[in-house]
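K.L.:
Contents are mmCIF, N, CA and C atoms and all ligand atoms; file name work-v3.cif:
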data_data
#
loop_
_atom_site.label_atom_id
_atom_site.label_comp_id
_atom_site.auth_asym_id
_atom_site.auth_seq_id
_atom_site.Cartn_x
_atom_site.Cartn_y
_atom_site.Cartn_z
N MET A 1 33.30 -129.88 48.44
CA MET A 1 34.61 -130.29 48.96
C MET A 1 35.66 -129.23 48.65
N LEU A 2 36.58 -129.10 49.54
CA LEU A 2 37.64 -128.11 49.36
C LEU A 2 38.90 -128.78 48.82
N ASP A 3 39.37 -128.32 47.67
CA ASP A 3 40.63 -128.81 47.10
C ASP A 3 40.67 -130.33 47.02
N GLY A 4 39.53 -130.94 46.74
CA GLY A 4 39.51 -132.39 46.59
C GLY A 4 39.71 -133.14 47.90
N LYS A 5 39.68 -132.44 49.02
CA LYS A 5 39.87 -133.11 50.30
C LYS A 5 38.54 -133.62 50.83
N GLY A 6 38.55 -134.80 51.36
CA GLY A 6 37.34 -135.37 51.92
C GLY A 6 36.97 -134.68 53.22
N PRO A 7 35.74 -134.89 53.66
CA PRO A 7 35.26 -134.24 54.89
C PRO A 7 36.09 -134.61 56.11
N ASP A 8 36.62 -135.82 56.12
CA ASP A 8 37.42 -136.24 57.26
C ASP A 8 38.71 -135.42 57.34
N ALA A 9 39.29 -135.12 56.16
CA ALA A 9 40.52 -134.32 56.13
C ALA A 9 40.25 -132.90 56.59
N ILE A 10 39.10 -132.35 56.24
CA ILE A 10 38.75 -130.99 56.68
C ILE A 10 38.67 -130.95 58.20
N PHE A 11 38.04 -131.97 58.77
CA PHE A 11 37.92 -132.04 60.23
C PHE A 11 39.30 -132.13 60.87
N ARG A 12 40.15 -133.00 60.34
CA ARG A 12 41.48 -133.18 60.93
C ARG A 12 42.35 -131.94 60.77
N ASN A 13 42.23 -131.26 59.62
CA ASN A 13 42.97 -130.01 59.44
C ASN A 13 42.53 -128.96 60.44
N GLY A 14 41.26 -128.95 60.76
CA GLY A 14 40.76 -128.03 61.78
C GLY A 14 41.45 -128.28 63.11
N LEU A 15 41.57 -129.55 63.46
CA LEU A 15 42.20 -129.91 64.74
C LEU A 15 43.66 -129.46 64.78
N VAL A 16 44.35 -129.58 63.65
CA VAL A 16 45.75 -129.15 63.58
C VAL A 16 45.83 -127.66 63.93
N ASN A 17 44.80 -126.90 63.55
CA ASN A 17 44.74 -125.46 63.85
C ASN A 17 44.01 -125.17 65.16
N GLN A 18 43.86 -126.21 65.99
CA GLN A 18 43.19 -126.05 67.29
C GLN A 18 41.74 -125.64 67.15
N GLU A 19 41.14 -126.00 66.02
CA GLU A 19 39.74 -125.65 65.81
C GLU A 19 38.91 -126.92 65.64
N ILE A 20 37.77 -126.95 66.33
CA ILE A 20 36.85 -128.06 66.15
C ILE A 20 35.78 -127.62 65.16
N LEU A 21 35.90 -128.13 63.95
CA LEU A 21 34.96 -127.76 62.90
C LEU A 21 33.91 -128.86 62.75
N LEU A 22 32.66 -128.46 62.67
CA LEU A 22 31.58 -129.44 62.51
C LEU A 22 30.87 -129.21 61.19
N PRO A 23 30.56 -130.32 60.49
CA PRO A 23 29.82 -130.20 59.25
C PRO A 23 28.34 -129.95 59.52
N LYS A 24 27.79 -128.97 58.79
CA LYS A 24 26.37 -128.64 58.93
C LYS A 24 25.75 -128.64 57.54
N CYS A 25 24.61 -129.25 57.44
CA CYS A 25 23.92 -129.36 56.15
C CYS A 25 23.19 -128.06 55.84
N ASP A 26 23.44 -127.51 54.65
CA ASP A 26 22.75 -126.29 54.25
C ASP A 26 21.29 -126.58 53.91
N GLY A 27 21.02 -127.84 53.57
CA GLY A 27 19.67 -128.22 53.18
C GLY A 27 18.71 -128.26 54.35
N CYS A 28 19.06 -129.00 55.40
CA CYS A 28 18.13 -129.16 56.52
C CYS A 28 18.61 -128.41 57.77
N GLY A 29 19.82 -127.86 57.71
CA GLY A 29 20.30 -127.04 58.83
C GLY A 29 20.77 -127.81 60.04
N ARG A 30 20.94 -129.13 59.88
CA ARG A 30 21.37 -129.93 61.03
C ARG A 30 22.85 -130.29 60.93
N TYR A 31 23.48 -130.39 62.10
CA TYR A 31 24.87 -130.83 62.16
C TYR A 31 24.93 -132.35 62.13
N HIS A 32 26.07 -132.89 61.70
CA HIS A 32 26.27 -134.32 61.85
C HIS A 32 27.74 -134.60 62.17
N PHE A 33 28.01 -135.79 62.67
CA PHE A 33 29.36 -136.24 63.00
C PHE A 33 29.30 -137.76 63.09
N PHE A 34 30.23 -138.47 62.54
CA PHE A 34 31.43 -138.07 61.85
C PHE A 34 31.14 -137.31 60.55
N PRO A 35 32.19 -136.62 60.05
CA PRO A 35 32.04 -135.90 58.79
C PRO A 35 31.71 -136.86 57.65
N ARG A 36 30.78 -136.46 56.81
CA ARG A 36 30.40 -137.28 55.65
C ARG A 36 30.23 -136.39 54.44
N VAL A 37 30.24 -137.04 53.28
CA VAL A 37 30.05 -136.29 52.03
C VAL A 37 28.58 -135.88 51.89
N MET A 38 27.69 -136.76 52.38
CA MET A 38 26.26 -136.45 52.30
C MET A 38 25.66 -136.35 53.69
N CYS A 39 24.69 -135.46 53.83
CA CYS A 39 24.00 -135.31 55.11
C CYS A 39 23.25 -136.60 55.45
N PRO A 40 23.49 -137.18 56.65
CA PRO A 40 22.81 -138.43 57.02
C PRO A 40 21.32 -138.21 57.31
N HIS A 41 20.92 -136.95 57.49
CA HIS A 41 19.51 -136.68 57.81
C HIS A 41 18.67 -136.57 56.54
N CYS A 42 19.16 -135.82 55.55
CA CYS A 42 18.34 -135.57 54.36
C CYS A 42 19.05 -135.95 53.06
N HIS A 43 20.29 -136.47 53.15
CA HIS A 43 21.08 -136.88 52.00
C HIS A 43 21.47 -135.73 51.09
N GLY A 44 21.37 -134.50 51.59
CA GLY A 44 21.85 -133.35 50.82
C GLY A 44 23.37 -133.35 50.80
N ASP A 45 23.95 -132.74 49.77
CA ASP A 45 25.41 -132.73 49.70
C ASP A 45 25.98 -131.32 49.82
N ALA A 46 25.15 -130.36 50.21
CA ALA A 46 25.64 -129.00 50.45
C ALA A 46 26.00 -128.88 51.93
N ILE A 47 27.27 -129.10 52.21
CA ILE A 47 27.73 -129.12 53.60
C ILE A 47 28.62 -127.91 53.85
N SER A 48 28.37 -127.18 54.91
CA SER A 48 29.28 -126.10 55.28
C SER A 48 29.85 -126.41 56.65
N TRP A 49 30.97 -125.75 56.96
CA TRP A 49 31.71 -126.08 58.19
C TRP A 49 31.63 -124.94 59.17
N HIS A 50 31.36 -125.26 60.41
CA HIS A 50 31.22 -124.24 61.45
C HIS A 50 32.03 -124.64 62.68
N ARG A 51 32.58 -123.63 63.32
CA ARG A 51 33.33 -123.89 64.54
C ARG A 51 32.38 -124.28 65.65
N ALA A 52 32.67 -125.38 66.32
CA ALA A 52 31.83 -125.83 67.43
C ALA A 52 32.01 -124.88 68.62
N SER A 53 30.96 -124.73 69.39
CA SER A 53 31.05 -123.90 70.60
C SER A 53 31.97 -124.57 71.62
N GLY A 54 32.09 -125.89 71.51
CA GLY A 54 32.92 -126.64 72.46
C GLY A 54 32.15 -127.04 73.71
N LYS A 55 30.91 -126.58 73.81
CA LYS A 55 30.11 -126.92 74.99
C LYS A 55 29.33 -128.20 74.75
N GLY A 56 29.32 -129.06 75.76
CA GLY A 56 28.58 -130.29 75.62
C GLY A 56 28.21 -130.88 76.96
N ARG A 57 27.53 -132.02 76.90
CA ARG A 57 27.16 -132.73 78.11
C ARG A 57 27.49 -134.20 77.95
N VAL A 58 27.90 -134.82 79.04
CA VAL A 58 28.23 -136.24 79.01
C VAL A 58 26.96 -137.03 78.77
N HIS A 59 27.00 -137.88 77.74
CA HIS A 59 25.83 -138.69 77.39
C HIS A 59 25.96 -140.09 77.99
N THR A 60 27.13 -140.69 77.83
CA THR A 60 27.43 -141.96 78.49
C THR A 60 28.86 -141.89 79.00
N THR A 61 29.17 -142.64 80.04
CA THR A 61 30.54 -142.66 80.55
C THR A 61 30.90 -144.04 81.06
N THR A 62 32.13 -144.43 80.81
CA THR A 62 32.63 -145.73 81.22
C THR A 62 34.04 -145.56 81.78
N VAL A 63 34.36 -146.28 82.83
CA VAL A 63 35.73 -146.30 83.33
C VAL A 63 36.42 -147.53 82.77
N VAL A 64 37.52 -147.30 82.09
CA VAL A 64 38.31 -148.41 81.56
C VAL A 64 39.44 -148.68 82.53
N ARG A 65 39.49 -149.92 83.03
CA ARG A 65 40.51 -150.29 84.02
C ARG A 65 41.85 -150.54 83.33
N ARG A 66 42.90 -150.00 83.92
CA ARG A 66 44.23 -150.20 83.37
C ARG A 66 45.21 -150.23 84.54
N LYS A 67 46.20 -151.06 84.42
CA LYS A 67 47.17 -151.19 85.51
C LYS A 67 47.87 -149.85 85.75
N PRO A 68 48.16 -149.57 87.03
CA PRO A 68 48.80 -148.29 87.36
C PRO A 68 50.08 -148.05 86.56
N GLU A 69 50.87 -149.12 86.35
CA GLU A 69 52.14 -148.93 85.63
C GLU A 69 51.92 -148.62 84.15
N ARG A 70 50.70 -148.80 83.69
CA ARG A 70 50.40 -148.45 82.29
C ARG A 70 49.58 -147.16 82.20
N GLY A 71 49.49 -146.44 83.32
CA GLY A 71 48.84 -145.13 83.28
C GLY A 71 47.58 -145.05 84.13
N GLY A 72 47.13 -146.20 84.63
CA GLY A 72 45.96 -146.20 85.51
C GLY A 72 44.65 -146.14 84.74
N ASP A 73 43.57 -146.18 85.50
CA ASP A 73 42.23 -146.16 84.90
C ASP A 73 42.02 -144.88 84.09
N TYR A 74 41.18 -144.98 83.09
CA TYR A 74 40.82 -143.77 82.35
C TYR A 74 39.36 -143.82 81.96
N ASN A 75 38.89 -142.68 81.53
CA ASN A 75 37.49 -142.50 81.24
C ASN A 75 37.24 -142.52 79.73
N VAL A 76 36.20 -143.21 79.32
CA VAL A 76 35.75 -143.13 77.92
C VAL A 76 34.31 -142.66 77.96
N CYS A 77 34.01 -141.64 77.20
CA CYS A 77 32.65 -141.12 77.26
C CYS A 77 32.14 -140.74 75.89
N MET A 78 30.83 -140.63 75.82
CA MET A 78 30.17 -140.08 74.65
C MET A 78 29.64 -138.72 75.09
N VAL A 79 30.05 -137.69 74.39
CA VAL A 79 29.60 -136.34 74.74
C VAL A 79 28.66 -135.83 73.66
N GLU A 80 27.55 -135.28 74.09
CA GLU A 80 26.65 -134.65 73.13
C GLU A 80 26.93 -133.16 73.13
N LEU A 81 27.38 -132.65 72.00
CA LEU A 81 27.68 -131.24 71.87
C LEU A 81 26.41 -130.42 71.75
N GLU A 82 26.54 -129.15 72.08
CA GLU A 82 25.44 -128.20 71.95
C GLU A 82 24.79 -128.25 70.56
N GLU A 83 25.63 -128.55 69.56
CA GLU A 83 25.16 -128.58 68.17
C GLU A 83 24.33 -129.83 67.87
N GLY A 84 24.25 -130.76 68.85
CA GLY A 84 23.39 -131.93 68.67
C GLY A 84 24.10 -133.16 68.15
N VAL A 85 25.44 -133.09 68.01
CA VAL A 85 26.17 -134.27 67.55
C VAL A 85 26.90 -134.91 68.73
N ARG A 86 27.21 -136.20 68.59
CA ARG A 86 27.88 -136.92 69.68
C ARG A 86 29.28 -137.33 69.27
N MET A 87 30.20 -137.20 70.21
CA MET A 87 31.59 -137.58 69.98
C MET A 87 32.06 -138.53 71.06
N MET A 88 32.76 -139.57 70.65
CA MET A 88 33.40 -140.47 71.59
C MET A 88 34.73 -139.85 72.00
N SER A 89 34.96 -139.73 73.28
CA SER A 89 36.17 -139.05 73.73
C SER A 89 36.50 -139.44 75.16
N ARG A 90 37.11 -138.52 75.87
CA ARG A 90 37.57 -138.75 77.23
C ARG A 90 37.46 -137.44 77.98
N VAL A 91 37.10 -137.51 79.27
CA VAL A 91 37.08 -136.30 80.09
C VAL A 91 38.33 -136.29 80.95
N ASP A 92 39.11 -135.25 80.83
CA ASP A 92 40.35 -135.10 81.59
C ASP A 92 40.14 -134.16 82.77
N GLY A 93 41.11 -134.14 83.66
CA GLY A 93 41.08 -133.17 84.76
C GLY A 93 40.14 -133.57 85.87
N ILE A 94 39.76 -134.84 85.92
CA ILE A 94 38.84 -135.33 86.94
C ILE A 94 39.06 -136.83 87.06
N ALA A 95 38.78 -137.39 88.22
CA ALA A 95 38.93 -138.84 88.38
C ALA A 95 38.03 -139.55 87.37
N PRO A 96 38.49 -140.67 86.79
CA PRO A 96 37.70 -141.37 85.76
C PRO A 96 36.28 -141.69 86.21
N ASP A 97 36.13 -142.07 87.50
CA ASP A 97 34.78 -142.43 87.96
C ASP A 97 34.03 -141.20 88.48
N GLY A 98 34.64 -140.03 88.38
CA GLY A 98 33.97 -138.78 88.79
C GLY A 98 33.16 -138.17 87.66
N VAL A 99 33.30 -138.74 86.47
CA VAL A 99 32.56 -138.24 85.32
C VAL A 99 31.13 -138.76 85.40
N LYS A 100 30.16 -137.86 85.39
CA LYS A 100 28.77 -138.26 85.55
C LYS A 100 27.95 -137.90 84.31
N ILE A 101 26.91 -138.69 84.08
CA ILE A 101 26.01 -138.42 82.96
C ILE A 101 25.35 -137.05 83.16
N ASP A 102 25.28 -136.30 82.07
CA ASP A 102 24.69 -134.97 82.02
C ASP A 102 25.61 -133.87 82.57
N MET A 103 26.83 -134.25 82.96
CA MET A 103 27.79 -133.26 83.42
C MET A 103 28.16 -132.32 82.26
N ALA A 104 28.27 -131.02 82.58
CA ALA A 104 28.66 -130.04 81.56
C ALA A 104 30.17 -130.11 81.32
N VAL A 105 30.55 -130.24 80.07
CA VAL A 105 31.97 -130.34 79.72
C VAL A 105 32.30 -129.38 78.57
N THR A 106 33.59 -129.06 78.48
CA THR A 106 34.08 -128.16 77.43
C THR A 106 35.16 -128.88 76.63
N ALA A 107 35.07 -128.77 75.32
CA ALA A 107 36.02 -129.45 74.45
C ALA A 107 37.34 -128.70 74.36
N PHE A 108 38.42 -129.44 74.17
CA PHE A 108 39.70 -128.85 73.82
C PHE A 108 40.45 -129.82 72.92
N VAL A 109 41.43 -129.28 72.21
CA VAL A 109 42.20 -130.10 71.29
C VAL A 109 43.56 -130.38 71.90
N ALA A 110 43.94 -131.64 71.94
CA ALA A 110 45.24 -132.00 72.49
C ALA A 110 45.83 -133.16 71.70
N ASP A 111 47.10 -133.38 71.90
CA ASP A 111 47.81 -134.42 71.18
C ASP A 111 47.43 -135.81 71.71
N ALA A 112 47.13 -136.71 70.80
CA ALA A 112 46.88 -138.10 71.18
C ALA A 112 47.78 -138.97 70.33
N ASP A 113 48.91 -139.40 70.89
CA ASP A 113 49.87 -140.22 70.16
C ASP A 113 50.29 -139.57 68.84
N GLY A 114 50.56 -138.28 68.88
CA GLY A 114 51.08 -137.60 67.71
C GLY A 114 50.05 -137.00 66.78
N THR A 115 48.77 -137.23 67.08
CA THR A 115 47.71 -136.68 66.25
C THR A 115 46.78 -135.84 67.11
N PRO A 116 46.43 -134.63 66.67
CA PRO A 116 45.51 -133.84 67.47
C PRO A 116 44.13 -134.49 67.53
N ALA A 117 43.52 -134.47 68.71
CA ALA A 117 42.21 -135.08 68.88
C ALA A 117 41.39 -134.23 69.85
N VAL A 118 40.09 -134.48 69.87
CA VAL A 118 39.19 -133.72 70.74
C VAL A 118 39.06 -134.43 72.08
N PHE A 119 39.31 -133.68 73.16
CA PHE A 119 39.06 -134.18 74.51
C PHE A 119 38.14 -133.20 75.22
N PHE A 120 37.70 -133.60 76.41
CA PHE A 120 36.82 -132.72 77.17
C PHE A 120 37.33 -132.54 78.58
N LYS A 121 36.94 -131.44 79.20
CA LYS A 121 37.23 -131.21 80.61
C LYS A 121 35.95 -130.68 81.25
N PRO A 122 35.83 -130.84 82.57
CA PRO A 122 34.62 -130.33 83.22
C PRO A 122 34.51 -128.82 82.98
N SER A 123 33.31 -128.34 82.69
CA SER A 123 33.11 -126.90 82.47
C SER A 123 33.26 -126.15 83.78
N GLU A 124 33.79 -124.93 83.69
CA GLU A 124 33.87 -124.06 84.86
C GLU A 124 32.45 -123.71 85.25
N VAL A 125 32.16 -123.78 86.52
CA VAL A 125 30.78 -123.48 86.95
C VAL A 125 30.66 -121.99 87.22
ZN ZN B 201 20.48 -132.33 55.68
#
Could you express the structure from this file as structure tokens?
P.N.:
Amino acid sequence: MLDGKGPDAIFRNGLVNQEILLPKCDGCGRYHFFPRVMCPHCHGDAISWHRASGKGRVHTTTVVRRKPERGGDYNVCMVELEEGVRMMSRVDGIAPDGVKIDMAVTAFVADADGTPAVFFKPSEV
């Protein structure tokens, strides 16, 4: 741990700096998410942090219905990153029902109600 900060704080600090940092276990070499103190695969506690490539694919997608006056429908998806971890997020820059399973997406960091969070957009082909 860095300066007594938990793994969740390290992840959030990364986002503040526009960086998506992923925890990777030095023991088994696998990434995991959400950030944890111990590796969920092998229970090792030697965790190092690596910048995500930002490349991923849509694993599941759902359209959440919302009244137009409240912002309209939006997309909720689970994205599997190249590193093998999955994140619950949203794909922007495309109609909510235009998001398809296995679509290539790229991560970016943007403000979500005052807190930086990870979102995705369709990858440039
Ligand atoms: Zn491990």
K.L.:
Enumerate, as number ranges by chain, the complete set of residues in region 77-113 of chain A that a backbone-based DSSP assignment places in strand (DSSP E or B).
P.N.:
A: 77-81, 86-89, 91, 104-112
K.L.:
When the cut-off is 6 Å and you count only N, CA and C atoms and all ligand atoms, which residues lie near ligand ZN 201 (chain B), shown as a PyMOL selection string?
P.N.:
chain A and resi 25-30+39-44
K.L.:
Identify, on the basis of all atoms listed in the file, every residue whose closest approach to region 9-15 of chain A does not exceed 6 Å; exclude the query and any residue fewer than 5 positions from it along the same chain; express the result as a ChimeraX atom specification.
P.N.:
/A:20-21,116
K.L.:
I'd like the neighbourhood of Val105 (chain A) as an NGL selection string, where a residue qualifies if any of its atoms comes within 7 Å (using only C-alpha atoms), though same-chain residues fewer than 6 positions away should be ignored.
P.N.:
:A and (55-57 or 120-123)
K.L.:
Using all atoms listed in the file, which residues sit within 6.5 Å of Glu83 (chain A) once same-chain residues fewer than 2 positions away are excluded, as an MDAnalysis selection string?
P.N.:
chainID A and resid 31 55 80:81 85
K.L.:
What does the distance from atom N of Leu22 (chain A) to atom C of Thr115 (chain A) come to in Å, to one decimal?
P.N.:
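Interatomic distance, atom N of Leu22 (chain A) to atom C of Thr115 (chain A): 16.5 Å.
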K.L.:
I'd like the interatomic distance between atom C of Arg36 (chain A) and atom N of Lys24 (chain A), to a tenth of an Å.
P.N.:
8.9 Å
K.L.:
Mind pulling up the distance from CA of Pro68 (chain A) to atom N of Ala110 (chain A)?
P.N.:
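Here the two named atoms are 23.2 Å from each other.
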K.L.:
For a cutoff of 8 Å around the file-coordinate point (35.0, -140.3, 66.8), which residues qualify once you count only N, CA and C atoms? I'd like the result as a PyMOL selection string.
P.N.:
chain A and resi 33-34+86-89
K.L.:
Would you mind listing what lies within 8 Å of Ala95 (chain A) as a compact mmCIF listing (two decimals) with N, CA and C atoms, in the frame of the given file, with only N, CA and C atoms counted and same-chain residues fewer than 2 positions away left out?
P.N.:
# COMPACT_ATOMS: atom_id res chain seq x y z
N ASP A 73 43.57 -146.18 85.50
CA ASP A 73 42.23 -146.16 84.90
C ASP A 73 42.02 -144.88 84.09
N TYR A 74 41.18 -144.98 83.09
CA TYR A 74 40.82 -143.77 82.35
C TYR A 74 39.36 -143.82 81.96
N ASN A 75 38.89 -142.68 81.53
CA ASN A 75 37.49 -142.50 81.24
C ASN A 75 37.24 -142.52 79.73
N VAL A 91 37.10 -137.51 79.27
CA VAL A 91 37.08 -136.30 80.09
C VAL A 91 38.33 -136.29 80.95
N ASP A 92 39.11 -135.25 80.83
CA ASP A 92 40.35 -135.10 81.59
C ASP A 92 40.14 -134.16 82.77
N GLY A 93 41.11 -134.14 83.66
CA GLY A 93 41.08 -133.17 84.76
C GLY A 93 40.14 -133.57 85.87
N ASP A 97 36.13 -142.07 87.50
CA ASP A 97 34.78 -142.43 87.96
C ASP A 97 34.03 -141.20 88.48
N GLY A 98 34.64 -140.03 88.38
CA GLY A 98 33.97 -138.78 88.79
C GLY A 98 33.16 -138.17 87.66
N VAL A 99 33.30 -138.74 86.47
CA VAL A 99 32.56 -138.24 85.32
C VAL A 99 31.13 -138.76 85.40
K.L.:
Edge lengths and centre, in Å to one decimal, as JSON: that's what I need for the box along x, y and z that holds all listed atoms of region 72-89 of chain A plus 3 Å on each side.
P.N.:
{"center_x": 35.3, "center_y": -137.2, "center_z": 76.5, "size_x": 29.7, "size_y": 24.0, "size_z": 24.0}
K.L.:
Using DSSP secondary structure from the backbone, list all helix (DSSP H, G or I) positions within region 5-125 of chain A, as JSON, numbers by chain.
P.N.:
{"A": [7, 8, 9, 10, 11, 12, 13, 14, 15, 16, 68, 69, 70, 96, 97, 98]}
